[in-house]
file structure-v1.txt (compact mmCIF, C-alpha atoms)
# COMPACT_ATOMS: atom_id res chain seq x y z
CA MET A 37 16.81 -1.83 11.66
CA LYS A 38 16.60 -1.65 7.88
CA LYS A 39 13.47 -0.29 6.24
CA VAL A 40 12.88 -0.98 2.55
CA ALA A 41 10.37 1.44 1.00
CA ILE A 42 8.57 0.34 -2.16
CA ASP A 43 6.25 2.96 -3.64
CA GLY A 44 4.25 3.27 -6.83
CA PRO A 45 0.76 3.64 -8.31
CA SER A 46 -2.00 1.02 -8.23
CA ALA A 47 -1.22 -2.32 -9.90
CA SER A 48 2.45 -1.48 -10.43
CA GLY A 49 3.38 -4.77 -8.77
CA LYS A 50 4.19 -3.35 -5.33
CA SER A 51 2.41 -5.95 -3.22
CA THR A 52 3.72 -9.07 -4.97
CA VAL A 53 7.23 -7.66 -5.24
CA ALA A 54 7.32 -6.43 -1.63
CA LYS A 55 6.19 -9.84 -0.36
CA GLY A 56 8.91 -11.52 -2.39
CA VAL A 57 11.59 -9.11 -1.19
CA ALA A 58 10.52 -9.50 2.45
CA LYS A 59 10.62 -13.29 2.16
CA ALA A 60 14.04 -13.27 0.48
CA LEU A 61 15.53 -10.94 3.10
CA GLY A 62 13.70 -12.37 6.11
CA PHE A 63 12.06 -8.99 6.85
CA VAL A 64 8.51 -8.23 7.99
CA TYR A 65 6.16 -7.36 5.11
CA VAL A 66 3.87 -4.35 5.59
CA ASP A 67 1.07 -3.36 3.21
CA SER A 68 0.40 0.28 4.13
CA GLY A 69 -2.60 0.34 1.81
CA ALA A 70 -4.30 -2.30 3.94
CA LEU A 71 -4.43 0.15 6.83
CA TYR A 72 -6.06 2.83 4.66
CA ARG A 73 -8.52 0.19 3.48
CA GLY A 74 -9.07 -0.72 7.11
CA VAL A 75 -10.07 2.85 7.93
CA THR A 76 -12.37 2.81 4.90
CA TRP A 77 -13.89 -0.54 5.90
CA ASN A 78 -14.39 0.68 9.46
CA ALA A 79 -16.41 3.63 8.15
CA SER A 80 -18.35 1.45 5.73
CA ARG A 81 -19.39 -1.09 8.36
CA ARG A 82 -20.79 1.79 10.42
CA GLY A 83 -22.79 3.08 7.45
CA ILE A 84 -20.69 6.23 7.04
CA ASP A 85 -20.45 7.98 3.68
CA PRO A 86 -16.72 7.97 2.72
CA ALA A 87 -17.14 11.58 1.55
CA ASP A 88 -18.05 12.59 5.12
CA ALA A 89 -14.47 13.11 6.29
CA GLU A 90 -15.42 14.27 9.78
CA SER A 91 -17.47 11.15 10.49
CA VAL A 92 -14.80 8.87 8.96
CA VAL A 93 -12.15 10.38 11.24
CA ARG A 94 -14.39 10.17 14.31
CA ALA A 95 -15.12 6.49 13.68
CA MET A 96 -11.42 5.84 13.11
CA ARG A 97 -10.47 7.40 16.43
CA GLU A 98 -13.25 5.66 18.35
CA ALA A 99 -12.24 2.20 17.11
CA GLU A 100 -9.76 -0.02 18.98
CA TRP A 101 -6.78 -0.80 16.73
CA ARG A 102 -4.27 -3.56 17.50
CA PHE A 103 -1.18 -4.36 15.42
CA PHE A 104 0.80 -7.59 15.29
CA VAL A 105 3.03 -9.75 13.09
CA ARG A 106 1.63 -13.06 11.86
CA ASP A 107 3.71 -16.23 11.83
CA ALA A 108 4.37 -15.75 8.11
CA GLY A 109 6.19 -12.50 8.80
CA VAL A 110 3.32 -10.31 7.64
CA ALA A 111 2.12 -7.31 9.65
CA GLY A 112 -1.60 -7.36 10.44
CA PHE A 113 -4.15 -5.46 12.47
CA SER A 114 -7.57 -5.80 14.05
CA VAL A 115 -10.35 -3.25 14.50
CA ASP A 116 -12.53 -3.66 17.57
CA GLY A 117 -11.33 -7.24 17.84
CA ILE A 118 -12.08 -8.07 14.18
CA GLU A 119 -9.25 -8.85 11.76
CA PRO A 120 -10.54 -7.84 8.30
CA THR A 121 -8.95 -9.64 5.36
CA ARG A 122 -11.19 -10.40 2.38
CA GLU A 123 -13.37 -7.40 3.25
CA LEU A 124 -10.49 -5.03 2.51
CA ARG A 125 -10.39 -6.12 -1.14
CA GLU A 126 -14.10 -5.88 -1.90
CA LYS A 127 -15.34 -3.32 -4.41
CA PRO A 128 -16.97 -0.83 -1.99
CA VAL A 129 -13.67 -0.44 -0.14
CA ARG A 130 -11.57 -0.35 -3.34
CA GLU A 131 -13.71 2.40 -4.82
CA ALA A 132 -13.74 4.57 -1.69
CA VAL A 133 -10.24 4.16 -0.26
CA ALA A 134 -8.62 6.90 -2.37
CA LEU A 135 -11.16 9.40 -1.06
CA VAL A 136 -10.58 8.34 2.54
CA ALA A 137 -6.80 8.23 2.15
CA ALA A 138 -6.80 11.86 0.96
CA VAL A 139 -8.07 13.07 4.36
CA PRO A 140 -5.10 14.64 6.24
CA ALA A 141 -6.20 13.32 9.66
CA VAL A 142 -6.42 9.79 8.24
CA ARG A 143 -2.96 10.05 6.74
CA ASP A 144 -1.52 11.33 10.03
CA PHE A 145 -3.14 8.43 11.90
CA VAL A 146 -1.86 5.81 9.45
CA VAL A 147 1.67 7.25 9.14
CA GLU A 148 2.09 7.30 12.93
CA ARG A 149 1.13 3.65 13.20
CA LEU A 150 3.22 2.58 10.25
CA ARG A 151 6.29 4.18 11.83
CA GLY A 152 5.49 2.35 15.06
CA LEU A 153 5.83 -0.98 13.24
CA ALA A 154 9.58 -0.40 13.07
CA GLU A 155 9.62 -1.87 16.58
CA CYS A 156 8.80 -5.23 14.95
CA GLY A 157 12.20 -5.41 13.23
CA ALA A 158 13.48 -4.92 9.70
CA LEU A 159 10.64 -4.02 7.33
CA VAL A 160 9.68 -4.10 3.67
CA MET A 161 6.83 -1.61 3.41
CA GLU A 162 4.90 -0.85 0.25
CA GLY A 163 2.59 2.04 -0.48
CA ARG A 164 2.49 5.47 -2.06
CA ASP A 165 4.43 7.68 0.32
CA ILE A 166 6.72 5.32 2.21
CA GLY A 167 9.96 6.78 0.86
CA THR A 168 8.73 10.38 0.90
CA VAL A 169 6.76 10.59 4.18
CA VAL A 170 6.79 7.46 6.34
CA PHE A 171 10.52 6.63 6.22
CA PRO A 172 12.19 9.45 4.26
CA GLU A 173 15.50 8.74 5.99
CA THR A 174 15.87 5.17 4.69
CA PRO A 175 18.48 4.67 1.96
CA TYR A 176 16.48 1.74 0.55
CA LYS A 177 13.87 3.47 -1.60
CA PHE A 178 12.31 2.01 -4.75
CA TYR A 179 9.54 3.33 -6.98
CA LEU A 180 7.78 0.79 -9.21
CA ASP A 181 5.83 1.87 -12.26
CA ALA A 182 4.37 0.38 -15.44
CA ASP A 183 2.31 1.46 -18.45
CA PRO A 184 -1.30 2.28 -17.44
CA GLU A 185 -2.66 -0.36 -19.83
CA GLU A 186 -0.33 -2.97 -18.38
CA ARG A 187 -1.37 -2.05 -14.84
CA ALA A 188 -5.04 -2.22 -15.83
CA MET A 189 -4.61 -5.71 -17.26
CA ARG A 190 -2.83 -6.87 -14.11
CA ARG A 191 -5.66 -5.60 -11.93
CA TYR A 192 -8.25 -7.07 -14.32
CA ARG A 193 -6.66 -10.52 -14.08
CA GLU A 194 -6.59 -10.23 -10.28
CA LEU A 195 -10.29 -9.39 -10.19
CA VAL A 196 -11.25 -12.20 -12.58
CA SER A 197 -9.27 -14.73 -10.53
CA ALA A 198 -11.12 -13.48 -7.43
CA GLY A 199 -14.47 -14.10 -9.13
CA GLU A 200 -15.27 -10.50 -10.05
CA ARG A 201 -16.19 -9.75 -13.67
CA GLU A 202 -15.40 -6.10 -14.26
CA LYS A 203 -14.64 -5.00 -17.82
CA ALA A 204 -11.03 -4.13 -18.61
CA GLU A 205 -12.07 -0.63 -19.71
CA GLU A 206 -13.76 -0.02 -16.36
CA VAL A 207 -10.67 -1.19 -14.52
CA LEU A 208 -8.46 1.15 -16.58
CA GLU A 209 -10.71 4.13 -15.84
CA SER A 210 -10.75 3.20 -12.15
CA LEU A 211 -6.94 3.12 -12.08
CA ARG A 212 -6.72 6.47 -13.86
CA ARG A 213 -9.17 7.98 -11.38
CA ARG A 214 -7.14 6.60 -8.46
CA ASP A 215 -3.93 7.97 -10.01
CA ARG A 216 -5.50 11.44 -10.34
CA ILE A 217 -6.64 11.44 -6.72
CA ASP A 218 -3.32 10.12 -5.42
CA SER A 219 -1.18 12.58 -7.38
CA THR A 220 -3.28 15.70 -6.74
CA ARG A 221 -4.33 15.32 -3.09
CA LYS A 222 -3.01 18.03 -0.76
CA ALA A 223 -1.80 15.61 1.91
CA ALA A 224 1.28 13.61 0.87
CA PRO A 225 0.56 13.29 -2.88
CA LEU A 226 2.02 10.35 -4.77
CA LYS A 227 5.46 11.36 -6.00
CA ILE A 228 8.88 9.84 -6.52
CA ALA A 229 11.46 10.39 -3.77
CA THR A 230 14.46 12.21 -5.20
CA ASP A 231 16.81 9.41 -4.13
CA ALA A 232 14.54 6.48 -5.06
CA ARG A 233 15.51 3.91 -7.67
CA VAL A 234 12.80 3.91 -10.32
CA VAL A 235 11.95 0.48 -11.77
CA ASP A 236 9.69 0.23 -14.83
CA THR A 237 8.13 -3.20 -14.35
CA THR A 238 6.45 -3.28 -17.77
CA GLY A 239 7.63 -6.49 -19.39
CA MET A 240 9.60 -7.60 -16.32
CA THR A 241 8.83 -10.75 -14.38
CA ILE A 242 8.17 -10.62 -10.65
CA ASP A 243 11.36 -12.58 -10.03
CA ASP A 244 13.34 -10.02 -12.04
CA VAL A 245 12.05 -7.12 -9.97
CA VAL A 246 12.43 -8.95 -6.65
CA GLY A 247 15.98 -9.94 -7.56
CA PHE A 248 16.89 -6.39 -8.52
CA ILE A 249 15.69 -4.95 -5.20
CA VAL A 250 17.17 -7.73 -3.06
CA ASN A 251 20.56 -7.33 -4.73
CA ALA A 252 20.38 -3.56 -4.35
CA VAL A 253 19.61 -3.81 -0.62
CA LYS A 254 22.31 -6.40 0.00
CA GLY A 255 24.81 -4.43 -2.09
CA ALA A 256 24.07 -1.21 -0.23
CA GLY A 257 24.56 -3.00 3.05
CA ASN A 258 28.08 -3.96 2.00
CA GLU A 259 29.10 -0.48 0.93
call {"tool": "encode", "arguments": {"input": "structure-v1.txt", "output": "structure tokens"}}
result
Amino acid sequence: MKKVAIDGPSASGKSTVAKGVAKALGFVYVDSGALYRGVTWNASRRGIDPADAESVVRAMREAEWRFFVRDAGVAGFSVDGIEPTRELREKPVREAVALVAAVPAVRDFVVERLRGLAECGALVMEGRDIGTVVFPETPYKFYLDADPEERAMRRYRELVSAGEREKAEEVLESLRRRDRIDSTRKAAPLKIATDARVVDTTGMTIDDVVGFIVNAVKGAGNE
């Protein structure tokens, strides 16, 4: 089964593009970041400090995780019978997820389960280490990037549309902090796979990026 890996920093357009590519190809869409946010949310709902790595990992291992594919072709999961959705995007989880995702035991747990989703069929998976760690063998690797200011404005517009009123400067600093954590963590730091196609999405429309990746995957399949 084909596995399309789409990596990149926060607000580079990964989620929207990956959803569009999955829909166009008829593949299952997987947001790897949602699982890291799920681990973070699971710790938060138990009152655990995200900096307490040992307690975060213990709570993660004690929870009952179930994985499935929704009718829309989107991979989902539940924790102890609860399927978190909106909770994964709330500020407490957003601000703590980079810290939790840097814990090696958390990354091992998530990577193992992401690989297991290959049983669901052809995948389009987006994240930060899909092409370098999760599916390094796939020939379909893409790395999306954009200017930091452009990424900050994208995230700012998302937050405003969701009813949150954070200042653009705060959003930019939050993205820079997340980039620093992602690129300097010891376990699977954010980096570009040597054979990935790098796409600078600054100034590109979503349709342009989706079309580029879809054509690349279809073209590679005919080689």
call {"tool": "residues_around", "arguments": {"input": "structure-v1.txt", "residues": "A:Arg190", "least_positions_apart": "4", "cutoff": "8 Å", "atoms": "all atoms listed in the file", "output": "PyMOL selection string"}}
result
chain A and resi 47+186+194
call {"tool": "write_last_selection", "arguments": {"input": "structure-v1.txt", "atoms": "C-alpha atoms", "output": "PDB file, in the coordinates of the input"}}
result
ATOM      1  CA  ALA A  47      -1.220  -2.320  -9.900  1.00  0.00           C
ATOM      2  CA  GLU A 186      -0.330  -2.970 -18.380  1.00  0.00           C
ATOM      3  CA  GLU A 194      -6.590 -10.230 -10.280  1.00  0.00           C
TER       4      GLU A 194
END
call {"tool": "closest_residue", "arguments": {"input": "structure-v1.txt", "among": "A:Leu71, A:Val93, A:Val207, A:Ala134", "to": "A:Glu119", "atoms": "all atoms listed in the file"}}
result
A:Leu71
call {"tool": "closest_residue", "arguments": {"input": "structure-v1.txt", "among": "A:Arg73, A:Lys227, A:Phe171, A:Gly255", "to": "A:Thr121", "atoms": "only C-alpha atoms"}}
result
A:Arg73
call {"tool": "atom_distance", "arguments": {"input": "structure-v1.txt", "atom1": "atom CA of A:Ile228", "atom2": "atom CA of A:Gly74"}}
result
24.9 Å
call {"tool": "closest_residue", "arguments": {"input": "structure-v1.txt", "among": "A:Ser68, A:Gly112, A:Gly117, A:Val245", "to": "A:Arg151", "atoms": "only C-alpha atoms"}}
result
A:Ser68
call {"tool": "residues_near_point", "arguments": {"input": "structure-v1.txt", "point": "(6.3, -7.2, 4.0)", "cutoff": "9 Å", "atoms": "all atoms listed in the file", "output": "list in words"}}
result
Ser51, Ala54, Lys55, Gly56, Val57, Ala58, Lys59, Phe63, Val64, Tyr65, Val66, Asp67, Gly109, Val110, Ala111, Leu159, Val160, Met161 and Glu162 of chain A
call {"tool": "axis_aligned_box", "arguments": {"input": "structure-v1.txt", "around": "stretch 135-141 of chain A", "padding_each_side": "3 Å", "output": "AutoDock Vina command-line options"}}
result
--center_x -8.1 --center_y 11.4 --center_z 4.3 --size_x 12.1 --size_y 12.4 --size_z 16.7
call {"tool": "residues_around", "arguments": {"input": "structure-v1.txt", "residues": "A:Val169", "least_positions_apart": "2", "cutoff": "12 Å", "atoms": "only C-alpha atoms", "output": "ChimeraX atom specification"}}
result
/A:41,43,143-144,146-148,150-151,163-167,171-174,177,223-229
call {"tool": "write_last_selection", "arguments": {"input": "structure-v1.txt", "atoms": "C-alpha atoms", "output": "short mmCIF file (atom, residue, chain, number, x, y, z; two decimals), in the frame of the given file"}}
result
data_model
loop_
_atom_site.label_atom_id
_atom_site.label_comp_id
_atom_site.auth_asym_id
_atom_site.auth_seq_id
_atom_site.Cartn_x
_atom_site.Cartn_y
_atom_site.Cartn_z
CA ALA A 41 10.37 1.44 1.00
CA ASP A 43 6.25 2.96 -3.64
CA ARG A 143 -2.96 10.05 6.74
CA ASP A 144 -1.52 11.33 10.03
CA VAL A 146 -1.86 5.81 9.45
CA VAL A 147 1.67 7.25 9.14
CA GLU A 148 2.09 7.30 12.93
CA LEU A 150 3.22 2.58 10.25
CA ARG A 151 6.29 4.18 11.83
CA GLY A 163 2.59 2.04 -0.48
CA ARG A 164 2.49 5.47 -2.06
CA ASP A 165 4.43 7.68 0.32
CA ILE A 166 6.72 5.32 2.21
CA GLY A 167 9.96 6.78 0.86
CA PHE A 171 10.52 6.63 6.22
CA PRO A 172 12.19 9.45 4.26
CA GLU A 173 15.50 8.74 5.99
CA THR A 174 15.87 5.17 4.69
CA LYS A 177 13.87 3.47 -1.60
CA ALA A 223 -1.80 15.61 1.91
CA ALA A 224 1.28 13.61 0.87
CA PRO A 225 0.56 13.29 -2.88
CA LEU A 226 2.02 10.35 -4.77
CA LYS A 227 5.46 11.36 -6.00
CA ILE A 228 8.88 9.84 -6.52
CA ALA A 229 11.46 10.39 -3.77
#
call {"tool": "closest_residue", "arguments": {"input": "structure-v1.txt", "among": "A:Leu153, A:Val105, A:Met240, A:Val75", "to": "A:Pro120", "atoms": "all atoms listed in the file"}}
result
A:Val75
call {"tool": "atom_distance", "arguments": {"input": "structure-v1.txt", "atom1": "atom CA of A:Trp77", "atom2": "atom CA of A:Pro128"}}
result
8.5 Å
call {"tool": "residues_around", "arguments": {"input": "structure-v1.txt", "residues": "A:Ala89", "least_positions_apart": "5", "cutoff": "9 Å", "atoms": "all atoms listed in the file", "output": "list in words"}}
result
Arg94, Leu135, Val136, Val139, Ala141 and Val142 of chain A
call {"tool": "residues_around", "arguments": {"input": "structure-v1.txt", "residues": "A:Ser48", "least_positions_apart": "5", "cutoff": "9 Å", "atoms": "all atoms listed in the file", "output": "ChimeraX atom specification"}}
result
/A:43,180-184,186-187,190,236-238
